[in-house]
Amino acid sequence: MFKKEIYMARREQLRKDMGHGIIILPGNHEAPCNYKDNTYWFRQDSTFLYFFGLQREDLVGVIDCDKGKDYIFANDYDIDDIVWTGPLPSVKELAASVGVENTGTLKELHDMIYALRSPTCDTPMPLYLPPYRADIRADLADLIGLKYPTVDRHASMELILACVKQRSIKSAEEIAEIEKAIETAYNMHVGAMKLAMPGRYEYELAGFMQGEAWKGNGPVSFPVIMTVHGETLHNHGHNNRLEVGRMLVMDAGAETAMNYCSDITRTVPVGGKFDARQKAIYEIVLGANLEAIRVTKPGITYKEVHQAASRKLAEGYKGLGILRGNVDDIVESGAHSLLMPHGLGHMMGLDVHDMENYGQINVGYDNETRPSEQFGLGSLRCGRKLQPGFVITDEPGCYFIPALIDKWKAEGTGKDFVNFDELEKWKDFGGIRIEDDILVTETGCRVLGKPIPKTVAEIEETMAQ
Ligand code: GLY
Ligand code: MN
Ligand code: MN
């Protein structure tokens, strides 16, 4: 946990930005895996963590903007719990550790919110964020007196935007946490590179990475992607045997004990030596990753950075004879997206896709920058103008997706720019992605964390060890 003054200042800022209302921020419950007492690992809600920092389950935070008060509501553990869990701090003690003076039981929370419903009381209804877990949606329905299916549509857009405003700018202590998560990702990736030898199985490397994440005192930040079929963008199967000739996509990150995330992708040739085709595609994707780092700075939109990286990709594919025509025209048409049907990146922080539970459009776009409807660019999670303090991923890729290539060819999509005959030769290649986490600074950007081998030479050297 950060020191309590940080959480107090965050809540004060939210009160100032909102100006009115009673905000309810529920923490998460335990989530049963196959029966009630066999749970998934506990993951606290990120908004709750941001404003209240506490890791216990079943807590509810309340920020009263009208009276300038904060509350933590929860039931204390009793002896029946404590025989199983050992001594645990009281709700009062937990609240005090994050600068909250007021506490109460869940019954008292219900009484307080119920009183707001009184026809003689003109206080408006409490404000809350759209829930992403069914149990929290049911709690809110019960607490506020709404029908379960209507809960999401009554969530407060004003609260969403105030949270986005504050959480988008990472403070120095948050950046230090993110860099700690990248330090763990370094160990995950460098260790896995050395294991990427023929005869091993993807699950062995994925398991190694999960172990390294827990050694850093946190879980992985999302299910590990470890696949020789990198052309499937989020491939979570791990059953393939590693064979020379395949590129292995490793997209994985860790969370710190405070749940700040990393999200790194490296792609390596099984066996440790790039062949000529692998090197050719790898250098193109690396060029796009480096171009994004070169142009990222405050004031440019990430949509423009995506397009700059796309021009590098298009230029490279043109050099290989896969695409033809003017590079700007290719990118304008979206033809290059046949080989990269996703966006360049997303915000990252307490969530690996930071704040995605608020609705991606509210996080990655604003009135000035709207999402594109074009294939590929339309999948860009964050397109808006960059500000110092944003942490964002830079993750270009190249994917030869046979079903997509066949579809475009049959329909004639992109036929002015795509050389489908040449592309036939690449359909068995798989995919490559390279992903770094970058911080927008006052003058440009900085790749966060200890550098993880990324060039062809660095990867070959690491894998030879
Ligand atoms: N880890 C999924 C992503 O890179 O967005
Ligand atoms: Mn990733
Ligand atoms: Mn990512």
# chains A, B, ... in the order shown; residues from 1 in each chain; ligands from 1

$ closest_atom_pairs --of "chain A" --to "ligand 1" --cutoff "10 Å" --atoms "only C-alpha atoms and all ligand atoms" --output "tab-separated table"
residue	atom	partner	partner_atom_place_in_ligand_line	distance
A:Ser221	CA	ligand 1	1 (N)	8.1
A:Phe222	CA	ligand 1	1 (N)	6.5
A:Pro223	CA	ligand 1	1 (N)	8.0
A:Val224	CA	ligand 1	1 (N)	7.9
A:Ile225	CA	ligand 1	1 (N)	7.6
A:Leu233	CA	ligand 1	2 (C)	8.6
A:His234	CA	ligand 1	2 (C)	7.0
A:Met250	CA	ligand 1	1 (N)	9.6
A:Asp251	CA	ligand 1	1 (N)	5.9
A:Ala252	CA	ligand 1	1 (N)	6.3
A:Gly253	CA	ligand 1	1 (N)	7.6
A:Ser262	CA	ligand 1	1 (N)	9.1
A:Asp263	CA	ligand 1	1 (N)	5.8
A:Ile264	CA	ligand 1	4 (O)	7.2
A:Thr265	CA	ligand 1	4 (O)	7.3
A:His342	CA	ligand 1	5 (O)	9.3
A:Gly343	CA	ligand 1	5 (O)	9.1
A:Leu344	CA	ligand 1	5 (O)	9.2
A:Gly345	CA	ligand 1	5 (O)	7.0
A:His346	CA	ligand 1	5 (O)	7.0
A:Met347	CA	ligand 1	5 (O)	9.5
A:Met348	CA	ligand 1	5 (O)	9.4
A:Val352	CA	ligand 1	1 (N)	7.2
A:His353	CA	ligand 1	5 (O)	6.7
A:Arg381	CA	ligand 1	5 (O)	9.1
A:Thr393	CA	ligand 1	4 (O)	7.7
A:Asp394	CA	ligand 1	4 (O)	9.0
A:Glu395	CA	ligand 1	4 (O)	7.0
A:Pro396	CA	ligand 1	4 (O)	9.7
A:Arg433	CA	ligand 1	4 (O)	9.1
A:Ile434	CA	ligand 1	4 (O)	9.4
A:Glu435	CA	ligand 1	4 (O)	7.2
A:Asp436	CA	ligand 1	4 (O)	9.4
A:Asp437	CA	ligand 1	4 (O)	10.0

$ residues_around --residues "Lys67 in chain A" --least-positions-apart "4" --cutoff "12 Å" --atoms "only C-alpha atoms" --output "PDB file with all heavy atoms, in the first residue's frame"
ATOM      1  N   GLU A  12      -9.860  13.334  -2.263  1.00  0.00           N
ATOM      2  CA  GLU A  12     -10.149  14.770  -2.217  1.00  0.00           C
ATOM      3  C   GLU A  12     -10.269  15.321  -3.645  1.00  0.00           C
ATOM      4  O   GLU A  12     -11.147  16.128  -3.956  1.00  0.00           O
ATOM      5  CB  GLU A  12      -9.013  15.478  -1.447  1.00  0.00           C
ATOM      6  CG  GLU A  12      -9.363  16.830  -0.883  1.00  0.00           C
ATOM      7  CD  GLU A  12     -10.687  16.854  -0.130  1.00  0.00           C
ATOM      8  OE1 GLU A  12     -10.912  15.983   0.732  1.00  0.00           O
ATOM      9  OE2 GLU A  12     -11.510  17.736  -0.435  1.00  0.00           O
ATOM     10  N   ARG A  15     -13.568  14.309  -5.109  1.00  0.00           N
ATOM     11  CA  ARG A  15     -14.646  15.140  -4.543  1.00  0.00           C
ATOM     12  C   ARG A  15     -14.691  16.489  -5.243  1.00  0.00           C
ATOM     13  O   ARG A  15     -15.748  17.003  -5.577  1.00  0.00           O
ATOM     14  CB  ARG A  15     -14.366  15.377  -3.055  1.00  0.00           C
ATOM     15  CG  ARG A  15     -15.322  14.665  -2.125  1.00  0.00           C
ATOM     16  CD  ARG A  15     -15.225  15.232  -0.727  1.00  0.00           C
ATOM     17  NE  ARG A  15     -13.984  14.846  -0.094  1.00  0.00           N
ATOM     18  CZ  ARG A  15     -13.808  13.674   0.505  1.00  0.00           C
ATOM     19  NH1 ARG A  15     -14.791  12.812   0.584  1.00  0.00           N
ATOM     20  NH2 ARG A  15     -12.652  13.363   1.048  1.00  0.00           N
ATOM     21  N   GLY A  19     -17.801  17.412  -7.328  1.00  0.00           N
ATOM     22  CA  GLY A  19     -18.516  18.570  -6.775  1.00  0.00           C
ATOM     23  C   GLY A  19     -19.776  18.238  -5.990  1.00  0.00           C
ATOM     24  O   GLY A  19     -20.241  19.043  -5.202  1.00  0.00           O
ATOM     25  N   HIS A  20     -20.370  17.077  -6.196  1.00  0.00           N
ATOM     26  CA  HIS A  20     -21.626  16.752  -5.507  1.00  0.00           C
ATOM     27  C   HIS A  20     -21.815  15.242  -5.495  1.00  0.00           C
ATOM     28  O   HIS A  20     -21.159  14.516  -6.266  1.00  0.00           O
ATOM     29  CB  HIS A  20     -22.808  17.369  -6.267  1.00  0.00           C
ATOM     30  CG  HIS A  20     -23.029  16.677  -7.578  1.00  0.00           C
ATOM     31  ND1 HIS A  20     -23.909  15.632  -7.729  1.00  0.00           N
ATOM     32  CD2 HIS A  20     -22.414  16.822  -8.772  1.00  0.00           C
ATOM     33  CE1 HIS A  20     -23.833  15.189  -8.989  1.00  0.00           C
ATOM     34  NE2 HIS A  20     -22.946  15.898  -9.632  1.00  0.00           N
ATOM     35  N   GLY A  21     -22.706  14.793  -4.646  1.00  0.00           N
ATOM     36  CA  GLY A  21     -23.157  13.401  -4.711  1.00  0.00           C
ATOM     37  C   GLY A  21     -22.467  12.469  -3.738  1.00  0.00           C
ATOM     38  O   GLY A  21     -21.432  12.780  -3.148  1.00  0.00           O
ATOM     39  N   ILE A  22     -23.082  11.295  -3.594  1.00  0.00           N
ATOM     40  CA  ILE A  22     -22.531  10.231  -2.748  1.00  0.00           C
ATOM     41  C   ILE A  22     -22.090   9.105  -3.674  1.00  0.00           C
ATOM     42  O   ILE A  22     -22.895   8.552  -4.432  1.00  0.00           O
ATOM     43  CB  ILE A  22     -23.602   9.740  -1.746  1.00  0.00           C
ATOM     44  CG1 ILE A  22     -23.887  10.891  -0.768  1.00  0.00           C
ATOM     45  CG2 ILE A  22     -23.138   8.480  -1.022  1.00  0.00           C
ATOM     46  CD1 ILE A  22     -24.843  10.527   0.333  1.00  0.00           C
ATOM     47  N   ILE A  23     -20.788   8.808  -3.624  1.00  0.00           N
ATOM     48  CA  ILE A  23     -20.207   7.835  -4.556  1.00  0.00           C
ATOM     49  C   ILE A  23     -20.011   6.510  -3.824  1.00  0.00           C
ATOM     50  O   ILE A  23     -19.400   6.481  -2.755  1.00  0.00           O
ATOM     51  CB  ILE A  23     -18.843   8.350  -5.073  1.00  0.00           C
ATOM     52  CG1 ILE A  23     -19.028   9.681  -5.817  1.00  0.00           C
ATOM     53  CG2 ILE A  23     -18.158   7.317  -5.942  1.00  0.00           C
ATOM     54  CD1 ILE A  23     -17.732  10.446  -6.035  1.00  0.00           C
ATOM     55  N   VAL A  62     -17.276   4.519   0.450  1.00  0.00           N
ATOM     56  CA  VAL A  62     -18.235   5.560   0.098  1.00  0.00           C
ATOM     57  C   VAL A  62     -17.531   6.909   0.219  1.00  0.00           C
ATOM     58  O   VAL A  62     -16.835   7.169   1.209  1.00  0.00           O
ATOM     59  CB  VAL A  62     -19.486   5.507   1.009  1.00  0.00           C
ATOM     60  CG1 VAL A  62     -20.379   6.732   0.766  1.00  0.00           C
ATOM     61  CG2 VAL A  62     -20.278   4.221   0.755  1.00  0.00           C
ATOM     62  N   ILE A  63     -17.674   7.728  -0.809  1.00  0.00           N
ATOM     63  CA  ILE A  63     -17.101   9.078  -0.794  1.00  0.00           C
ATOM     64  C   ILE A  63     -18.271  10.054  -0.890  1.00  0.00           C
ATOM     65  O   ILE A  63     -18.987  10.080  -1.897  1.00  0.00           O
ATOM     66  CB  ILE A  63     -16.117   9.271  -1.977  1.00  0.00           C
ATOM     67  CG1 ILE A  63     -14.959   8.265  -1.860  1.00  0.00           C
ATOM     68  CG2 ILE A  63     -15.596  10.708  -2.024  1.00  0.00           C
ATOM     69  CD1 ILE A  63     -13.976   8.289  -3.017  1.00  0.00           C
ATOM     70  N   TYR A  71     -16.054   6.820   3.925  1.00  0.00           N
ATOM     71  CA  TYR A  71     -16.479   5.701   4.771  1.00  0.00           C
ATOM     72  C   TYR A  71     -15.926   4.388   4.212  1.00  0.00           C
ATOM     73  O   TYR A  71     -15.797   4.235   2.989  1.00  0.00           O
ATOM     74  CB  TYR A  71     -18.011   5.523   4.751  1.00  0.00           C
ATOM     75  CG  TYR A  71     -18.820   6.717   5.171  1.00  0.00           C
ATOM     76  CD1 TYR A  71     -19.037   7.768   4.288  1.00  0.00           C
ATOM     77  CD2 TYR A  71     -19.417   6.757   6.437  1.00  0.00           C
ATOM     78  CE1 TYR A  71     -19.817   8.860   4.662  1.00  0.00           C
ATOM     79  CE2 TYR A  71     -20.202   7.845   6.808  1.00  0.00           C
ATOM     80  CZ  TYR A  71     -20.396   8.895   5.918  1.00  0.00           C
ATOM     81  OH  TYR A  71     -21.171   9.955   6.288  1.00  0.00           O
ATOM     82  N   THR A 123     -31.832  14.429  -1.461  1.00  0.00           N
ATOM     83  CA  THR A 123     -30.482  14.055  -1.921  1.00  0.00           C
ATOM     84  C   THR A 123     -30.623  13.152  -3.152  1.00  0.00           C
ATOM     85  O   THR A 123     -31.404  12.206  -3.138  1.00  0.00           O
ATOM     86  CB  THR A 123     -29.738  13.270  -0.812  1.00  0.00           C
ATOM     87  OG1 THR A 123     -29.819  14.035   0.373  1.00  0.00           O
ATOM     88  CG2 THR A 123     -28.292  13.037  -1.177  1.00  0.00           C
TER      89      THR A 123
END

$ select_by_dssp --residues "range 45-145 of chain A" --states "strand (DSSP E or B)" --output "list in words"
Val60, Gly61, Val62, Ile63, Asp64, Lys69, Asp70, Tyr71, Ile72, Phe73, Asn102, Thr103, Gly104 and Leu127 of chain A

$ atom_distance --atom1 "CA of His29 in chain A" --atom2 "CA of Thr103 in chain A"
18.4 Å

$ atom_distance --atom1 "CA of Gly230 in chain A" --atom2 "CA of Leu242 in chain A"
12.8 Å

$ atom_distance --atom1 "CA of Pro126 in chain A" --atom2 "CA of Tyr7 in chain A"
21.0 Å

$ decode --residues "range 121-139 of chain A" --atoms "N, CA, C and O atoms" --output "JSON list (two decimals), in the first residue's frame"
[["chain", "number", "residue", "atom", "x", "y", "z"],
["A", 121, "CYS", "N", -36.54, 13.17, 1.41],
["A", 121, "CYS", "CA", -35.13, 13.56, 1.34],
["A", 121, "CYS", "C", -34.80, 13.91, -0.11],
["A", 121, "CYS", "O", -35.03, 13.10, -1.01],
["A", 122, "ASP", "N", -34.26, 15.09, -0.36],
["A", 122, "ASP", "CA", -34.03, 15.48, -1.76],
["A", 122, "ASP", "C", -32.60, 15.19, -2.23],
["A", 122, "ASP", "O", -32.18, 15.65, -3.28],
["A", 123, "THR", "N", -31.83, 14.43, -1.46],
["A", 123, "THR", "CA", -30.48, 14.06, -1.92],
["A", 123, "THR", "C", -30.62, 13.15, -3.15],
["A", 123, "THR", "O", -31.40, 12.21, -3.14],
["A", 124, "PRO", "N", -29.86, 13.43, -4.22],
["A", 124, "PRO", "CA", -29.99, 12.56, -5.40],
["A", 124, "PRO", "C", -29.47, 11.16, -5.13],
["A", 124, "PRO", "O", -28.77, 10.92, -4.15],
["A", 125, "MET", "N", -29.80, 10.24, -6.00],
["A", 125, "MET", "CA", -29.38, 8.85, -5.84],
["A", 125, "MET", "C", -27.86, 8.73, -5.85],
["A", 125, "MET", "O", -27.17, 9.55, -6.47],
["A", 126, "PRO", "N", -27.33, 7.72, -5.19],
["A", 126, "PRO", "CA", -25.87, 7.56, -5.16],
["A", 126, "PRO", "C", -25.30, 7.30, -6.56],
["A", 126, "PRO", "O", -26.00, 6.80, -7.45],
["A", 127, "LEU", "N", -24.03, 7.64, -6.70],
["A", 127, "LEU", "CA", -23.34, 7.50, -7.98],
["A", 127, "LEU", "C", -22.45, 6.26, -7.91],
["A", 127, "LEU", "O", -21.81, 6.01, -6.89],
["A", 128, "TYR", "N", -22.39, 5.52, -9.02],
["A", 128, "TYR", "CA", -21.54, 4.33, -9.04],
["A", 128, "TYR", "C", -21.06, 4.08, -10.47],
["A", 128, "TYR", "O", -21.58, 4.66, -11.43],
["A", 129, "LEU", "N", -20.05, 3.22, -10.59],
["A", 129, "LEU", "CA", -19.48, 2.86, -11.89],
["A", 129, "LEU", "C", -20.17, 1.61, -12.43],
["A", 129, "LEU", "O", -20.71, 0.82, -11.64],
["A", 130, "PRO", "N", -20.15, 1.39, -13.75],
["A", 130, "PRO", "CA", -20.79, 0.18, -14.27],
["A", 130, "PRO", "C", -20.10, -1.07, -13.73],
["A", 130, "PRO", "O", -18.88, -1.20, -13.85],
["A", 131, "PRO", "N", -20.83, -1.98, -13.10],
["A", 131, "PRO", "CA", -20.19, -3.18, -12.55],
["A", 131, "PRO", "C", -19.81, -4.15, -13.67],
["A", 131, "PRO", "O", -20.44, -4.18, -14.72],
["A", 132, "TYR", "N", -18.77, -4.94, -13.42],
["A", 132, "TYR", "CA", -18.34, -5.95, -14.41],
["A", 132, "TYR", "C", -18.47, -7.36, -13.83],
["A", 132, "TYR", "O", -18.19, -8.33, -14.51],
["A", 133, "ARG", "N", -18.87, -7.45, -12.56],
["A", 133, "ARG", "CA", -19.09, -8.77, -11.95],
["A", 133, "ARG", "C", -20.56, -8.85, -11.54],
["A", 133, "ARG", "O", -21.13, -7.89, -11.01],
["A", 134, "ALA", "N", -21.14, -10.03, -11.76],
["A", 134, "ALA", "CA", -22.57, -10.22, -11.52],
["A", 134, "ALA", "C", -22.92, -10.02, -10.05],
["A", 134, "ALA", "O", -23.97, -9.46, -9.73],
["A", 135, "ASP", "N", -22.02, -10.47, -9.13],
["A", 135, "ASP", "CA", -22.36, -10.36, -7.71],
["A", 135, "ASP", "C", -22.41, -8.89, -7.27],
["A", 135, "ASP", "O", -23.27, -8.49, -6.48],
["A", 136, "ILE", "N", -21.53, -8.07, -7.83],
["A", 136, "ILE", "CA", -21.53, -6.64, -7.48],
["A", 136, "ILE", "C", -22.75, -5.95, -8.08],
["A", 136, "ILE", "O", -23.37, -5.08, -7.45],
["A", 137, "ARG", "N", -23.13, -6.37, -9.28],
["A", 137, "ARG", "CA", -24.35, -5.82, -9.92],
["A", 137, "ARG", "C", -25.57, -6.13, -9.03],
["A", 137, "ARG", "O", -26.41, -5.25, -8.80],
["A", 138, "ALA", "N", -25.61, -7.36, -8.53],
["A", 138, "ALA", "CA", -26.73, -7.75, -7.66],
["A", 138, "ALA", "C", -26.71, -6.94, -6.37],
["A", 138, "ALA", "O", -27.75, -6.50, -5.88],
["A", 139, "ASP", "N", -25.52, -6.72, -5.80],
["A", 139, "ASP", "CA", -25.40, -5.92, -4.57],
["A", 139, "ASP", "C", -25.92, -4.50, -4.80],
["A", 139, "ASP", "O", -26.64, -3.95, -3.96]]
